[in-house]
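Peer 1: Sending over a structure as structure tokens; questions will come in a sec.
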Amino acid sequence: MAWNLRLLFHKHLLKRSVNDHGLLFQKFLHNKPAIILGIETSCDDTACGIVDEKGVILGEGIHSQHIAHLNFGGIIPTLARDMHVDNVTRVCEDALRSANLKLKDIDAIAVTVKPGLPMSLEVGARFGKSLAQIGKKPFIPIHHMEAHALTARLNEKVDFPYLVLLISGGHCLLAIVKNVDQFYLLGTTIDKAPGDLFDKVARRLKLRNIPEFKTLNGGQAVENAACKASDIDKFFFDCVMRKYRNCNFSFSGIQSTCDNYIKREESRHNIVADMIIPDVYNLCAAVQLAVAKHICERTQRAMEFIDEMSLIPKDKRTLVVSGGVACNNFLAKALNIVCTELEYKFVRTPPKLCTDNGIMIAWNGIERWTADIDVIRNQDEIDKVCVQNKAPLGIDWTQTVEDANLKCKWIKIKKKLF
């Protein structure tokens, strides 16, 4: 791969000191804040962000592949890889240019290496390793979901430990974030993720045939369509997994029910080709409500488990919500209701940082740099870093939650939403 960045070698003078907890830190002799460059290519967005130790966003570059994949109804891995190859150099140049910095000004390169599409991850990892080698920079491998979980700390004071809900096109999980590298998984999806559900519903409902939704992703299209609903009760969805006393998620049943409604409506109204069912907005609203109720109930159980086990001090109880689906304002409003009822502080990662981006990778690099965790300085060790398409988040406590056998009195979010 030919890199077009103008790279200069730069040697940093470092001094070593030990903090009160015995951790070894490396600081610049002139004591300026560290600056980390983050690279994200885990799926279909090529992104680069530059952040300093104080949480200041210095620069950013991004290339979205959304439109390119839209016509295929999903991500095409080989196409995603080729577009990453074509754009990663320019995106990083854009980030450096917007920050008015050069490679010599960067202290370390942070790169998403797991989980994600292997071919996409490999492009970012290879490019990041090249930057580290040419610029003689430390390399920080990043777990994509850990980065999402920590991004809220970039611009808001969120103390450890806290509860995080990560919801996106590929994930839906609840975890306790104890520290920068300590996570306890309370629940995860057993089938599909909510973002994937919204994409499939939008495609099956042919929302792209409505001009105002033509360029939107599935989640945005469903949310916008739901705002136009005239009868939220027109379609009924059963509550999901209430008999299971755990925090796991399942969205396949919601999709199956939605598909059945669509078939019924298409038959009833003789819908063919590109025609759209008359009640499309009401069905979108019903699907969105079903998803919100399910997510809120699993989150409520996680909160009650935490309180039962005294895992988070009462004065620090916080729910952080991140990931692409966290951009959904209806869902955020529903989760805020749960937080208010159970006396949790509600923190939503800014929408711009909810979707995949380089800033969250750079910030995770800052968190790890500050704690001196997985900062690799030896080139031979950097070369050994491999990408992983699957990587669990932290220690699995899902069975521990189920063993607690908590019975919840569900918060009535629908009455408070409408």
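So you can find residues: chains in the structure tokens are A, B, ... in the order shown, residues in each start at 1, and ligands are numbered from 1 in order.
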Using only C-alpha atoms, which protein or nucleic acid residues come within 8 Å of range 255-269 of chain A? Drop anything in the same chain fewer than 3 positions from it, and give the result as a list in words.
Peer 2: Leu197, Val201, Arg204, Leu205, Phe235, Phe237, Phe251, Ser252, Val272, Ile277, Leu283 and Val287 of chain A
Peer 1: Would you give me, as a PyMOL selection string, the residues in range 213-390 of chain A that DSSP reads as strand (DSSP E)?
Peer 2: chain A and resi 318-322+345-348
Peer 1: For the contact check between range 234-270 of chain A and range 144-165 of chain A, emit one row per residue of range 234-270 of chain A within 12 Å, containing the shortest atom pair and the distance in Å rounded to one decimal, counting only C-alpha atoms, chain then rising number order, as a Markdown table.
Peer 2:
| residue | atom | partner | partner_atom | distance |
| --- | --- | --- | --- | --- |
| A:Cys247 | CA | A:Leu165 | CA | 11.0 |
| A:Asn248 | CA | A:Leu165 | CA | 11.7 |
| A:Phe249 | CA | A:Leu165 | CA | 11.6 |
Peer 1: With N, CA, C and O atoms retained, write the just-selected residues as a CSV table (one decimal), in the first residue's frame.
Peer 2:
chain,number,residue,atom,x,y,z
A,247,CYS,N,-30.3,-10.3,31.6
A,247,CYS,CA,-30.2,-9.0,30.9
A,247,CYS,C,-29.9,-9.2,29.4
A,247,CYS,O,-29.5,-8.2,28.7
A,248,ASN,N,-30.1,-10.4,28.9
A,248,ASN,CA,-29.9,-10.6,27.4
A,248,ASN,C,-31.0,-10.0,26.6
A,248,ASN,O,-32.1,-9.8,27.1
A,249,PHE,N,-30.7,-9.7,25.3
A,249,PHE,CA,-31.6,-9.1,24.4
A,249,PHE,C,-31.9,-10.1,23.2
A,249,PHE,O,-31.1,-10.9,22.9
Peer 1: Could you work out how far CA of Glu223 in chain A lies from CA of Gly195 in chain A, giving the answer in Å with one decimal?
Peer 2: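 It comes out at 11.5 Å.
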Peer 1: Neighbours of range 182-193 of chain A within 10 Å (only C-alpha atoms; same-chain residues fewer than 5 positions away dropped), as a VMD selection string?
Peer 2: chain A and resid 146 149 161 to 177 198 246 to 253 255 298 to 299 301 to 302 305 to 306 325 392 to 402
Peer 1: Of the candidates A:Pro313, A:Ala286, A:Ile382, A:Ala292, which shows the shortest atom-to-atom distance to Leu131 in chain A, using only C-alpha atoms?
Peer 2: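 Looking at the shortest contact to Leu131 in chain A, the residue is A:Ile382.
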